[in-house]
file query_18.txt (compact mmCIF, C-alpha atoms)
# COMPACT_ATOMS: atom_id res chain seq x y z
CA MET A 23 -118.62 51.58 61.68
CA ASN A 24 -119.64 49.19 64.43
CA PRO A 25 -119.72 45.41 63.77
CA ASN A 26 -123.41 45.38 62.87
CA GLU A 27 -122.88 48.11 60.26
CA PHE A 28 -120.02 46.15 58.71
CA ILE A 29 -122.17 43.02 58.58
CA GLU A 30 -125.01 44.87 56.85
CA THR A 31 -122.56 46.27 54.29
CA TRP A 32 -121.17 42.80 53.65
CA LYS A 33 -124.65 41.36 53.20
CA ARG A 34 -125.21 43.85 50.39
CA GLU A 35 -122.02 42.56 48.75
CA GLU A 36 -123.25 39.01 49.28
CA HIS A 37 -126.38 39.72 47.25
CA HIS A 38 -124.81 41.87 44.55
CA PRO A 39 -125.49 40.26 41.14
CA PHE A 40 -122.79 38.15 39.49
CA SER A 41 -122.98 36.60 36.03
CA GLY A 42 -120.71 34.81 33.61
CA TRP A 43 -117.12 35.15 34.73
CA ASP A 44 -117.20 38.93 35.13
CA PHE A 45 -115.44 40.33 38.18
CA SER A 46 -115.66 43.97 37.11
CA HIS A 47 -117.49 44.76 40.37
CA LEU A 48 -114.14 44.15 42.09
CA ASP A 49 -112.05 46.39 39.80
CA GLY A 50 -109.48 48.09 42.03
CA ARG A 51 -110.61 46.03 45.03
CA MET A 52 -109.28 42.57 44.12
CA LEU A 53 -105.73 42.75 42.81
CA GLU A 54 -104.03 39.71 41.34
CA GLU A 55 -100.40 39.72 40.31
CA GLN A 56 -99.98 38.61 36.73
CA ALA A 57 -98.39 35.38 35.61
CA PRO A 58 -95.32 35.70 33.35
CA TRP A 59 -97.25 34.37 30.36
CA SER A 60 -100.33 35.65 28.52
CA TYR A 61 -102.89 32.94 27.88
CA SER A 62 -104.95 35.29 25.70
CA SER A 63 -102.00 36.26 23.52
CA ARG A 64 -100.98 32.65 22.96
CA ALA A 65 -104.59 31.64 22.22
CA ALA A 66 -104.82 34.41 19.62
CA GLU A 67 -101.56 33.29 17.99
CA LEU A 68 -102.79 29.71 17.74
CA MET A 69 -106.18 30.73 16.33
CA CYS A 70 -104.45 32.55 13.49
CA LYS A 71 -103.07 29.16 12.41
CA SER A 72 -106.31 27.21 12.91
CA SER A 73 -109.44 26.64 10.84
CA SER A 74 -111.57 25.50 13.80
CA VAL A 75 -111.55 26.15 17.54
CA ILE A 76 -113.55 25.06 20.57
CA ASP A 77 -113.51 26.95 23.87
CA LEU A 78 -114.23 24.52 26.70
CA GLY A 79 -116.05 26.02 29.68
CA THR A 80 -116.52 29.47 28.19
CA GLY A 81 -118.43 30.85 31.19
CA GLY A 82 -120.49 33.78 29.97
CA GLY A 83 -118.33 34.03 26.86
CA GLU A 84 -116.94 37.40 27.94
CA ARG A 85 -113.27 36.46 27.78
CA PHE A 86 -113.57 34.40 24.61
CA LEU A 87 -115.35 37.30 22.94
CA LYS A 88 -112.28 39.46 23.52
CA LEU A 89 -110.37 37.12 21.17
CA ARG A 90 -112.90 37.58 18.38
CA PRO A 91 -110.70 39.36 15.80
CA GLU A 92 -108.61 36.17 15.67
CA TRP A 93 -111.45 33.64 15.49
CA PRO A 94 -111.13 31.08 12.68
CA LYS A 95 -114.02 30.11 10.40
CA LYS A 96 -115.50 27.44 12.67
CA VAL A 97 -116.01 28.40 16.32
CA VAL A 98 -117.74 26.37 19.05
CA ALA A 99 -117.98 26.98 22.80
CA THR A 100 -119.14 24.76 25.65
CA GLU A 101 -120.59 25.57 29.06
CA GLU A 102 -122.46 23.57 31.70
CA TYR A 103 -123.90 26.13 34.14
CA PRO A 104 -127.43 26.97 32.87
CA PRO A 105 -127.35 30.75 33.55
CA ASN A 106 -123.98 30.96 31.80
CA ILE A 107 -125.24 28.91 28.85
CA ARG A 108 -127.96 31.48 28.27
CA LEU A 109 -125.55 34.38 28.70
CA ALA A 110 -122.89 32.87 26.42
CA THR A 111 -125.51 32.11 23.77
CA GLU A 112 -126.76 35.70 23.86
CA ARG A 113 -123.22 37.04 23.51
CA LEU A 114 -121.66 34.57 21.08
CA SER A 115 -124.42 33.29 18.80
CA PRO A 116 -124.78 36.64 16.93
CA PHE A 117 -121.26 35.96 15.65
CA GLY A 118 -122.10 32.45 14.46
CA VAL A 119 -120.76 30.59 17.50
CA GLN A 120 -122.51 27.39 18.51
CA VAL A 121 -122.78 27.15 22.32
CA VAL A 122 -123.20 23.57 23.54
CA ASP A 123 -124.20 22.30 26.98
CA VAL A 124 -121.38 19.94 27.96
CA ARG A 125 -120.45 18.57 31.39
CA LEU A 126 -116.67 18.63 31.14
CA ALA A 127 -116.10 16.71 34.35
CA ASP A 128 -118.14 13.73 33.16
CA ASP A 129 -116.37 10.63 31.89
CA GLY A 130 -118.73 10.36 28.94
CA LEU A 131 -118.11 11.46 25.39
CA MET A 132 -118.46 15.06 24.30
CA PRO A 133 -120.90 15.49 21.38
CA PHE A 134 -118.19 16.17 18.80
CA THR A 135 -116.58 13.99 16.14
CA ASP A 136 -113.07 12.63 16.24
CA GLY A 137 -110.52 15.21 15.11
CA GLU A 138 -113.14 17.95 14.73
CA PHE A 139 -111.04 20.88 16.00
CA ASP A 140 -107.59 22.20 15.14
CA LEU A 141 -107.44 24.05 18.44
CA VAL A 142 -108.94 23.20 21.83
CA LEU A 143 -108.88 26.03 24.37
CA ASN A 144 -109.61 25.74 28.05
CA ARG A 145 -109.27 28.57 30.55
CA HIS A 146 -109.93 27.49 34.13
CA SER A 147 -112.37 24.64 33.39
CA GLY A 148 -112.15 20.93 34.01
CA PHE A 149 -111.28 18.59 31.17
CA ASN A 150 -111.06 14.94 30.27
CA ALA A 151 -107.67 14.35 28.65
CA LYS A 152 -108.90 11.41 26.59
CA GLU A 153 -111.77 13.44 25.15
CA VAL A 154 -109.51 16.41 24.42
CA ALA A 155 -107.20 14.14 22.44
CA ARG A 156 -110.13 12.53 20.61
CA ILE A 157 -111.72 15.77 19.32
CA LEU A 158 -108.34 17.33 18.51
CA ALA A 159 -107.28 17.07 14.88
CA SER A 160 -103.91 15.62 13.95
CA GLY A 161 -101.40 18.45 14.06
CA GLY A 162 -103.68 20.40 16.42
CA THR A 163 -103.01 22.05 19.75
CA PHE A 164 -104.54 22.00 23.22
CA LEU A 165 -103.94 25.11 25.31
CA THR A 166 -105.12 25.37 28.89
CA GLN A 167 -104.55 27.70 31.80
CA GLN A 168 -105.64 26.29 35.14
CA VAL A 169 -106.00 27.53 38.69
CA HIS A 170 -103.68 25.51 40.91
CA GLY A 171 -105.39 23.27 43.45
CA LEU A 172 -103.81 25.22 46.32
CA TRP A 173 -105.10 28.58 45.06
CA ALA A 174 -105.84 30.91 48.00
CA TYR A 175 -105.44 28.08 50.52
CA ASP A 176 -104.60 30.65 53.20
CA LEU A 177 -107.79 32.60 52.48
CA LEU A 178 -109.81 29.39 52.74
CA ALA A 179 -108.16 28.62 56.08
CA VAL A 180 -109.59 31.84 57.54
CA PHE A 181 -113.04 30.26 57.17
CA GLY A 182 -112.03 26.78 58.26
CA ALA A 183 -112.05 25.43 54.70
CA ARG A 184 -109.47 23.45 52.76
CA PRO A 185 -108.84 23.20 49.01
CA GLN A 186 -111.18 20.60 47.56
CA TRP A 187 -108.82 19.57 44.76
CA PRO A 188 -105.27 20.07 46.11
CA ASP A 189 -103.93 17.64 43.51
CA ALA A 190 -105.06 19.82 40.58
CA THR A 191 -101.48 20.45 39.48
CA LEU A 192 -99.12 20.02 36.56
CA ASP A 193 -97.90 16.79 38.13
CA LYS A 194 -101.40 15.33 37.81
CA TYR A 195 -102.49 16.52 34.36
CA VAL A 196 -99.29 16.36 32.32
CA PRO A 197 -99.06 12.53 32.66
CA HIS A 198 -102.74 12.25 31.71
CA LEU A 199 -102.16 14.19 28.51
CA LYS A 200 -99.05 12.19 27.66
CA ALA A 201 -100.94 8.95 28.28
CA VAL A 202 -103.47 9.81 25.56
CA GLY A 203 -100.74 10.48 23.02
CA LEU A 204 -100.28 14.24 23.23
CA THR A 205 -96.83 15.81 23.18
CA ILE A 206 -96.21 18.47 25.82
CA ILE A 207 -94.87 21.60 24.13
CA ASN A 208 -94.79 23.96 27.10
CA THR A 209 -95.60 23.98 30.79
CA GLN A 210 -95.31 26.91 33.17
CA GLU A 211 -96.23 27.36 36.80
CA TRP A 212 -96.56 30.59 38.75
CA SER A 213 -97.24 31.72 42.29
CA GLY A 214 -97.95 35.27 43.38
CA ARG A 215 -100.22 37.47 45.44
CA LEU A 216 -104.00 37.85 45.55
CA SER A 217 -104.96 40.92 47.57
CA PHE A 218 -108.18 42.64 48.58
CA THR A 219 -108.64 46.26 49.61
CA ASP A 220 -111.69 45.60 51.77
CA VAL A 221 -113.51 42.70 53.39
CA GLY A 222 -116.62 43.27 51.28
CA ALA A 223 -114.57 42.38 48.20
CA ILE A 224 -113.75 39.02 49.78
CA VAL A 225 -117.45 38.44 50.49
CA TYR A 226 -118.38 39.09 46.86
CA TYR A 227 -115.52 36.90 45.61
CA LEU A 228 -116.42 33.92 47.79
CA LYS A 229 -120.09 34.10 46.77
CA ALA A 230 -119.08 34.28 43.09
CA VAL A 231 -116.75 31.27 43.43
CA PRO A 232 -118.81 29.12 45.84
CA TRP A 233 -116.65 25.99 45.67
CA LEU A 234 -113.80 27.71 47.52
CA VAL A 235 -115.65 27.90 50.83
CA PRO A 236 -118.72 25.67 50.49
CA GLY A 237 -121.74 27.09 52.27
CA PHE A 238 -120.15 30.51 52.74
CA SER A 239 -122.43 33.27 53.97
CA VAL A 240 -122.00 36.52 55.87
CA GLU A 241 -124.29 35.29 58.63
CA LYS A 242 -122.46 32.00 59.06
CA HIS A 243 -118.95 33.47 58.85
CA ALA A 244 -119.48 36.87 60.49
CA LYS A 245 -116.83 36.23 63.18
CA ASP A 246 -114.23 35.30 60.55
CA LEU A 247 -115.05 38.38 58.49
CA LEU A 248 -114.75 40.63 61.53
CA LYS A 249 -111.31 39.14 62.23
CA LEU A 250 -110.28 40.13 58.70
CA GLN A 251 -111.66 43.61 59.30
CA ARG A 252 -109.54 43.94 62.44
CA ARG A 253 -106.48 42.92 60.43
CA LEU A 254 -107.17 45.80 58.07
CA GLU A 255 -107.69 48.24 60.91
CA GLN A 256 -104.37 47.18 62.41
CA GLY A 257 -102.63 48.08 59.16
CA GLU A 258 -102.24 44.55 57.81
CA ASP A 259 -102.85 43.93 54.12
CA LEU A 260 -105.32 41.24 53.08
CA VAL A 261 -102.92 39.27 50.89
CA PHE A 262 -103.23 35.61 50.01
CA SER A 263 -101.58 33.00 47.79
CA ALA A 264 -102.32 32.91 44.05
CA ARG A 265 -101.13 30.01 41.88
CA LYS A 266 -101.75 29.05 38.25
CA TYR A 267 -100.22 26.84 35.59
CA LEU A 268 -100.23 26.63 31.80
CA ILE A 269 -100.05 23.61 29.51
CA GLU A 270 -99.66 23.56 25.74
CA ALA A 271 -99.85 20.14 24.11
CA HIS A 272 -99.69 18.98 20.49
CA LYS A 273 -101.30 16.06 18.69
CA GLY A 274 -98.85 14.69 16.18
CA LEU A 275 -99.65 13.73 12.63
CA PRO A 276 -100.27 10.02 12.08
CA SER A 277 -97.17 8.08 11.04
call {"tool": "encode", "arguments": {"input": "query_18.txt", "output": "structure tokens"}}
result
Amino acid sequence: MNPNEFIETWKREEHHPFSGWDFSHLDGRMLEEQAPWSYSSRAAELMCKSSSVIDLGTGGGERFLKLRPEWPKKVVATEEYPPNIRLATERLSPFGVQVVDVRLADDGLMPFTDGEFDLVLNRHSGFNAKEVARILASGGTFLTQQVHGLWAYDLLAVFGARPQWPDATLDKYVPHLKAVGLTIINTQEWSGRLSFTDVGAIVYYLKAVPWLVPGFSVEKHAKDLLKLQRRLEQGEDLVFSARKYLIEAHKGLPS
């Protein structure tokens, strides 16, 4: 294909629908090495020991729904992006889950009572450590998996962008959790490879995760995309840096 044909193909990727946190459109095209832990397995183990759970930042509820056989009696989920709130409600409410609109990055209180949940889950969403500790019951657990602040920094650099939150690391959040009285049970950090089989997959990914390259568009970044295409044609793999970390923290019983 000539450059104009590539650009037209990428524009179709740019406008392909995306909802929730579902990247199935990129199956076989975006390949991420796996961390040495399983967040889902650990979440399921903890739910078996809990009578109540809240999933912070559930997205469209698709990943939380996969844990359903292990759900305890009381289940709540939060989300802040309006299209995802509707989607999560459609998916989760038939199973008795209350989906609540909560801005996790705000410094204000979440609309839940002190000690309301035995288990607080958070996969890839922001959180306020003080609020997590407040709504967590004594003897309860907070489990979070987070994308490292330097995730795909080398992919961002292709488009002249830099990570917006480079300090989103274990070194930042572990002290916050300790400061609000939680005991750190486990921390793990991992780095690996994030690869794409074609440039169109990168276009779809960057439109689905718009905070990585703010203002990204095929028209605006056509030259950068064509450079990536030439890398492929020269036999170079489109491989970038992937980094995540896991924290499990416990709220002790009152003395």
call {"tool": "axis_aligned_box", "arguments": {"input": "query_18.txt", "around": "stretch 198-216 of chain A", "padding_each_side": "4 Å", "output": "lines of an AutoDock Vina configuration file"}}
result
center_x = -99.4
center_y = 23.4
center_z = 34.3
size_x = 17.2
size_y = 36.9
size_z = 30.5
call {"tool": "closest_residue", "arguments": {"input": "query_18.txt", "among": "A:Glu241, A:Tyr61, A:Leu260, A:Val180", "to": "A:Asn26", "atoms": "only C-alpha atoms"}}
result
A:Glu241
call {"tool": "atom_distance", "arguments": {"input": "query_18.txt", "atom1": "atom CA of A:Leu165", "atom2": "atom CA of A:Val231"}}
result
23.0 Å
call {"tool": "closest_residue", "arguments": {"input": "query_18.txt", "among": "A:Glu67, A:Glu138, A:Asp246, A:Asp44", "to": "A:Leu109", "atoms": "all atoms listed in the file"}}
result
A:Asp44
call {"tool": "residues_around", "arguments": {"input": "query_18.txt", "residues": "A:Tyr195", "least_positions_apart": "5", "cutoff": "12 Å", "atoms": "only C-alpha atoms", "output": "PyMOL selection string"}}
result
chain A and resi 148-152+166-168+170-171+189-190+200-202+204+206+209+267-271
call {"tool": "residues_near_point", "arguments": {"input": "query_18.txt", "point": "(-110.2, 20.6, 50.8)", "cutoff": "12 Å", "atoms": "all atoms listed in the file", "output": "PyMOL selection string"}}
result
chain A and resi 171-176+178-179+181-190+233-236
call {"tool": "closest_residue", "arguments": {"input": "query_18.txt", "among": "A:Ser72, A:Thr111, A:Ser147, A:Thr31", "to": "A:Glu84", "atoms": "only C-alpha atoms"}}
result
A:Thr111
call {"tool": "closest_residue", "arguments": {"input": "query_18.txt", "among": "A:Gly162, A:Pro39, A:Pro58, A:Gly50", "to": "A:Ile76", "atoms": "all atoms listed in the file"}}
result
A:Gly162
call {"tool": "closest_residue", "arguments": {"input": "query_18.txt", "among": "A:Ala110, A:Ala65, A:Cys70, A:Ile207", "to": "A:Asn144", "atoms": "only C-alpha atoms"}}
result
A:Ala65
call {"tool": "atom_distance", "arguments": {"input": "query_18.txt", "atom1": "atom CA of A:Thr100", "atom2": "atom CA of A:Lys273"}}
result
21.0 Å
call {"tool": "atom_distance", "arguments": {"input": "query_18.txt", "atom1": "atom CA of A:Asn106", "atom2": "atom CA of A:Ser62"}}
result
20.4 Å
call {"tool": "residues_near_point", "arguments": {"input": "query_18.txt", "point": "(-122.8, 32.9, 19.2)", "cutoff": "12 Å", "atoms": "all atoms listed in the file", "output": "ChimeraX atom specification"}}
result
/A:77,80,82-84,86-87,90,93,96-100,107-122
call {"tool": "write_last_selection", "arguments": {"input": "query_18.txt", "atoms": "C-alpha atoms", "output": "compact mmCIF listing (two decimals), keeping the file's coordinate frame"}}
result
# COMPACT_ATOMS: atom_id res chain seq x y z
CA ASP A 77 -113.51 26.95 23.87
CA THR A 80 -116.52 29.47 28.19
CA GLY A 82 -120.49 33.78 29.97
CA GLY A 83 -118.33 34.03 26.86
CA GLU A 84 -116.94 37.40 27.94
CA PHE A 86 -113.57 34.40 24.61
CA LEU A 87 -115.35 37.30 22.94
CA ARG A 90 -112.90 37.58 18.38
CA TRP A 93 -111.45 33.64 15.49
CA LYS A 96 -115.50 27.44 12.67
CA VAL A 97 -116.01 28.40 16.32
CA VAL A 98 -117.74 26.37 19.05
CA ALA A 99 -117.98 26.98 22.80
CA THR A 100 -119.14 24.76 25.65
CA ILE A 107 -125.24 28.91 28.85
CA ARG A 108 -127.96 31.48 28.27
CA LEU A 109 -125.55 34.38 28.70
CA ALA A 110 -122.89 32.87 26.42
CA THR A 111 -125.51 32.11 23.77
CA GLU A 112 -126.76 35.70 23.86
CA ARG A 113 -123.22 37.04 23.51
CA LEU A 114 -121.66 34.57 21.08
CA SER A 115 -124.42 33.29 18.80
CA PRO A 116 -124.78 36.64 16.93
CA PHE A 117 -121.26 35.96 15.65
CA GLY A 118 -122.10 32.45 14.46
CA VAL A 119 -120.76 30.59 17.50
CA GLN A 120 -122.51 27.39 18.51
CA VAL A 121 -122.78 27.15 22.32
CA VAL A 122 -123.20 23.57 23.54
call {"tool": "closest_residue", "arguments": {"input": "query_18.txt", "among": "A:Glu30, A:Glu35, A:Asp259, A:Asp140", "to": "A:Gly161", "atoms": "only C-alpha atoms"}}
result
A:Asp140
call {"tool": "residues_around", "arguments": {"input": "query_18.txt", "residues": "A:Glu36", "least_positions_apart": "6", "cutoff": "8 Å", "atoms": "all atoms listed in the file", "output": "ChimeraX atom specification"}}
result
/A:225-226,229,239-240
call {"tool": "decode", "arguments": {"input": "query_18.txt", "residues": "stretch 95-171 of chain A", "atoms": "C-alpha atoms", "output": "PDB file, in the first residue's frame"}}
result
ATOM      1  CA  LYS A  95     -23.157 -11.747  49.366  1.00  0.00           C
ATOM      2  CA  LYS A  96     -22.689  -7.973  49.149  1.00  0.00           C
ATOM      3  CA  VAL A  97     -21.116  -6.640  45.947  1.00  0.00           C
ATOM      4  CA  VAL A  98     -20.665  -2.992  44.916  1.00  0.00           C
ATOM      5  CA  ALA A  99     -18.768  -1.476  41.988  1.00  0.00           C
ATOM      6  CA  THR A 100     -17.764   2.102  41.202  1.00  0.00           C
ATOM      7  CA  GLU A 101     -17.072   3.871  37.922  1.00  0.00           C
ATOM      8  CA  GLU A 102     -16.787   7.512  36.873  1.00  0.00           C
ATOM      9  CA  TYR A 103     -16.868   7.530  33.053  1.00  0.00           C
ATOM     10  CA  PRO A 104     -20.555   7.952  32.050  1.00  0.00           C
ATOM     11  CA  PRO A 105     -20.586   5.486  29.102  1.00  0.00           C
ATOM     12  CA  ASN A 106     -18.917   2.879  31.317  1.00  0.00           C
ATOM     13  CA  ILE A 107     -21.366   3.520  34.159  1.00  0.00           C
ATOM     14  CA  ARG A 108     -24.227   2.640  31.831  1.00  0.00           C
ATOM     15  CA  LEU A 109     -22.421  -0.405  30.479  1.00  0.00           C
ATOM     16  CA  ALA A 110     -21.393  -1.679  33.924  1.00  0.00           C
ATOM     17  CA  THR A 111     -24.938  -1.196  35.213  1.00  0.00           C
ATOM     18  CA  GLU A 112     -26.363  -3.187  32.307  1.00  0.00           C
ATOM     19  CA  ARG A 113     -23.887  -6.002  32.905  1.00  0.00           C
ATOM     20  CA  LEU A 114     -23.723  -6.137  36.694  1.00  0.00           C
ATOM     21  CA  SER A 115     -27.092  -5.026  38.049  1.00  0.00           C
ATOM     22  CA  PRO A 116     -28.899  -8.217  36.889  1.00  0.00           C
ATOM     23  CA  PHE A 117     -26.712 -10.014  39.438  1.00  0.00           C
ATOM     24  CA  GLY A 118     -27.619  -7.636  42.264  1.00  0.00           C
ATOM     25  CA  VAL A 119     -24.545  -5.419  42.016  1.00  0.00           C
ATOM     26  CA  GLN A 120     -24.953  -1.750  42.870  1.00  0.00           C
ATOM     27  CA  VAL A 121     -22.936   0.428  40.458  1.00  0.00           C
ATOM     28  CA  VAL A 122     -22.098   3.845  41.915  1.00  0.00           C
ATOM     29  CA  ASP A 123     -20.751   6.940  40.167  1.00  0.00           C
ATOM     30  CA  VAL A 124     -17.605   7.815  42.128  1.00  0.00           C
ATOM     31  CA  ARG A 125     -14.693  10.070  41.150  1.00  0.00           C
ATOM     32  CA  LEU A 126     -11.803   8.119  42.626  1.00  0.00           C
ATOM     33  CA  ALA A 127      -9.239  10.836  42.028  1.00  0.00           C
ATOM     34  CA  ASP A 128     -11.185  13.390  44.067  1.00  0.00           C
ATOM     35  CA  ASP A 129     -10.080  14.192  47.598  1.00  0.00           C
ATOM     36  CA  GLY A 130     -13.655  14.052  48.855  1.00  0.00           C
ATOM     37  CA  LEU A 131     -15.356  11.207  50.644  1.00  0.00           C
ATOM     38  CA  MET A 132     -16.738   8.202  48.823  1.00  0.00           C
ATOM     39  CA  PRO A 133     -20.445   7.604  49.551  1.00  0.00           C
ATOM     40  CA  PHE A 134     -19.846   4.556  51.747  1.00  0.00           C
ATOM     41  CA  THR A 135     -19.804   4.076  55.510  1.00  0.00           C
ATOM     42  CA  ASP A 136     -16.740   3.458  57.623  1.00  0.00           C
ATOM     43  CA  GLY A 137     -15.676  -0.186  57.538  1.00  0.00           C
ATOM     44  CA  GLU A 138     -18.363  -1.138  55.010  1.00  0.00           C
ATOM     45  CA  PHE A 139     -16.316  -3.644  52.983  1.00  0.00           C
ATOM     46  CA  ASP A 140     -14.213  -6.664  53.887  1.00  0.00           C
ATOM     47  CA  LEU A 141     -12.422  -6.452  50.557  1.00  0.00           C
ATOM     48  CA  VAL A 142     -11.560  -3.453  48.386  1.00  0.00           C
ATOM     49  CA  LEU A 143     -10.408  -4.310  44.862  1.00  0.00           C
ATOM     50  CA  ASN A 144      -8.831  -1.935  42.394  1.00  0.00           C
ATOM     51  CA  ARG A 145      -7.475  -2.931  39.002  1.00  0.00           C
ATOM     52  CA  HIS A 146      -5.799  -0.068  37.156  1.00  0.00           C
ATOM     53  CA  SER A 147      -7.818   2.805  38.675  1.00  0.00           C
ATOM     54  CA  GLY A 148      -6.805   5.717  40.829  1.00  0.00           C
ATOM     55  CA  PHE A 149      -7.437   5.614  44.560  1.00  0.00           C
ATOM     56  CA  ASN A 150      -7.312   7.740  47.673  1.00  0.00           C
ATOM     57  CA  ALA A 151      -5.439   5.768  50.332  1.00  0.00           C
ATOM     58  CA  LYS A 152      -7.238   7.491  53.201  1.00  0.00           C
ATOM     59  CA  GLU A 153     -10.642   6.652  51.750  1.00  0.00           C
ATOM     60  CA  VAL A 154      -9.638   3.051  51.047  1.00  0.00           C
ATOM     61  CA  ALA A 155      -8.624   2.646  54.684  1.00  0.00           C
ATOM     62  CA  ARG A 156     -11.838   4.301  55.899  1.00  0.00           C
ATOM     63  CA  ILE A 157     -14.279   2.054  53.998  1.00  0.00           C
ATOM     64  CA  LEU A 158     -12.231  -1.088  54.692  1.00  0.00           C
ATOM     65  CA  ALA A 159     -13.446  -3.183  57.610  1.00  0.00           C
ATOM     66  CA  SER A 160     -11.080  -4.180  60.392  1.00  0.00           C
ATOM     67  CA  GLY A 161      -9.366  -7.379  59.324  1.00  0.00           C
ATOM     68  CA  GLY A 162     -10.085  -6.560  55.670  1.00  0.00           C
ATOM     69  CA  THR A 163      -7.833  -6.444  52.629  1.00  0.00           C
ATOM     70  CA  PHE A 164      -7.058  -3.976  49.865  1.00  0.00           C
ATOM     71  CA  LEU A 165      -5.771  -5.502  46.631  1.00  0.00           C
ATOM     72  CA  THR A 166      -4.686  -3.367  43.714  1.00  0.00           C
ATOM     73  CA  GLN A 167      -2.847  -3.908  40.461  1.00  0.00           C
ATOM     74  CA  GLN A 168      -1.605  -0.715  38.842  1.00  0.00           C
ATOM     75  CA  VAL A 169      -0.005   0.294  35.578  1.00  0.00           C
ATOM     76  CA  HIS A 170       3.413   1.769  36.315  1.00  0.00           C
ATOM     77  CA  GLY A 171       3.797   5.464  35.558  1.00  0.00           C
TER      78      GLY A 171
END
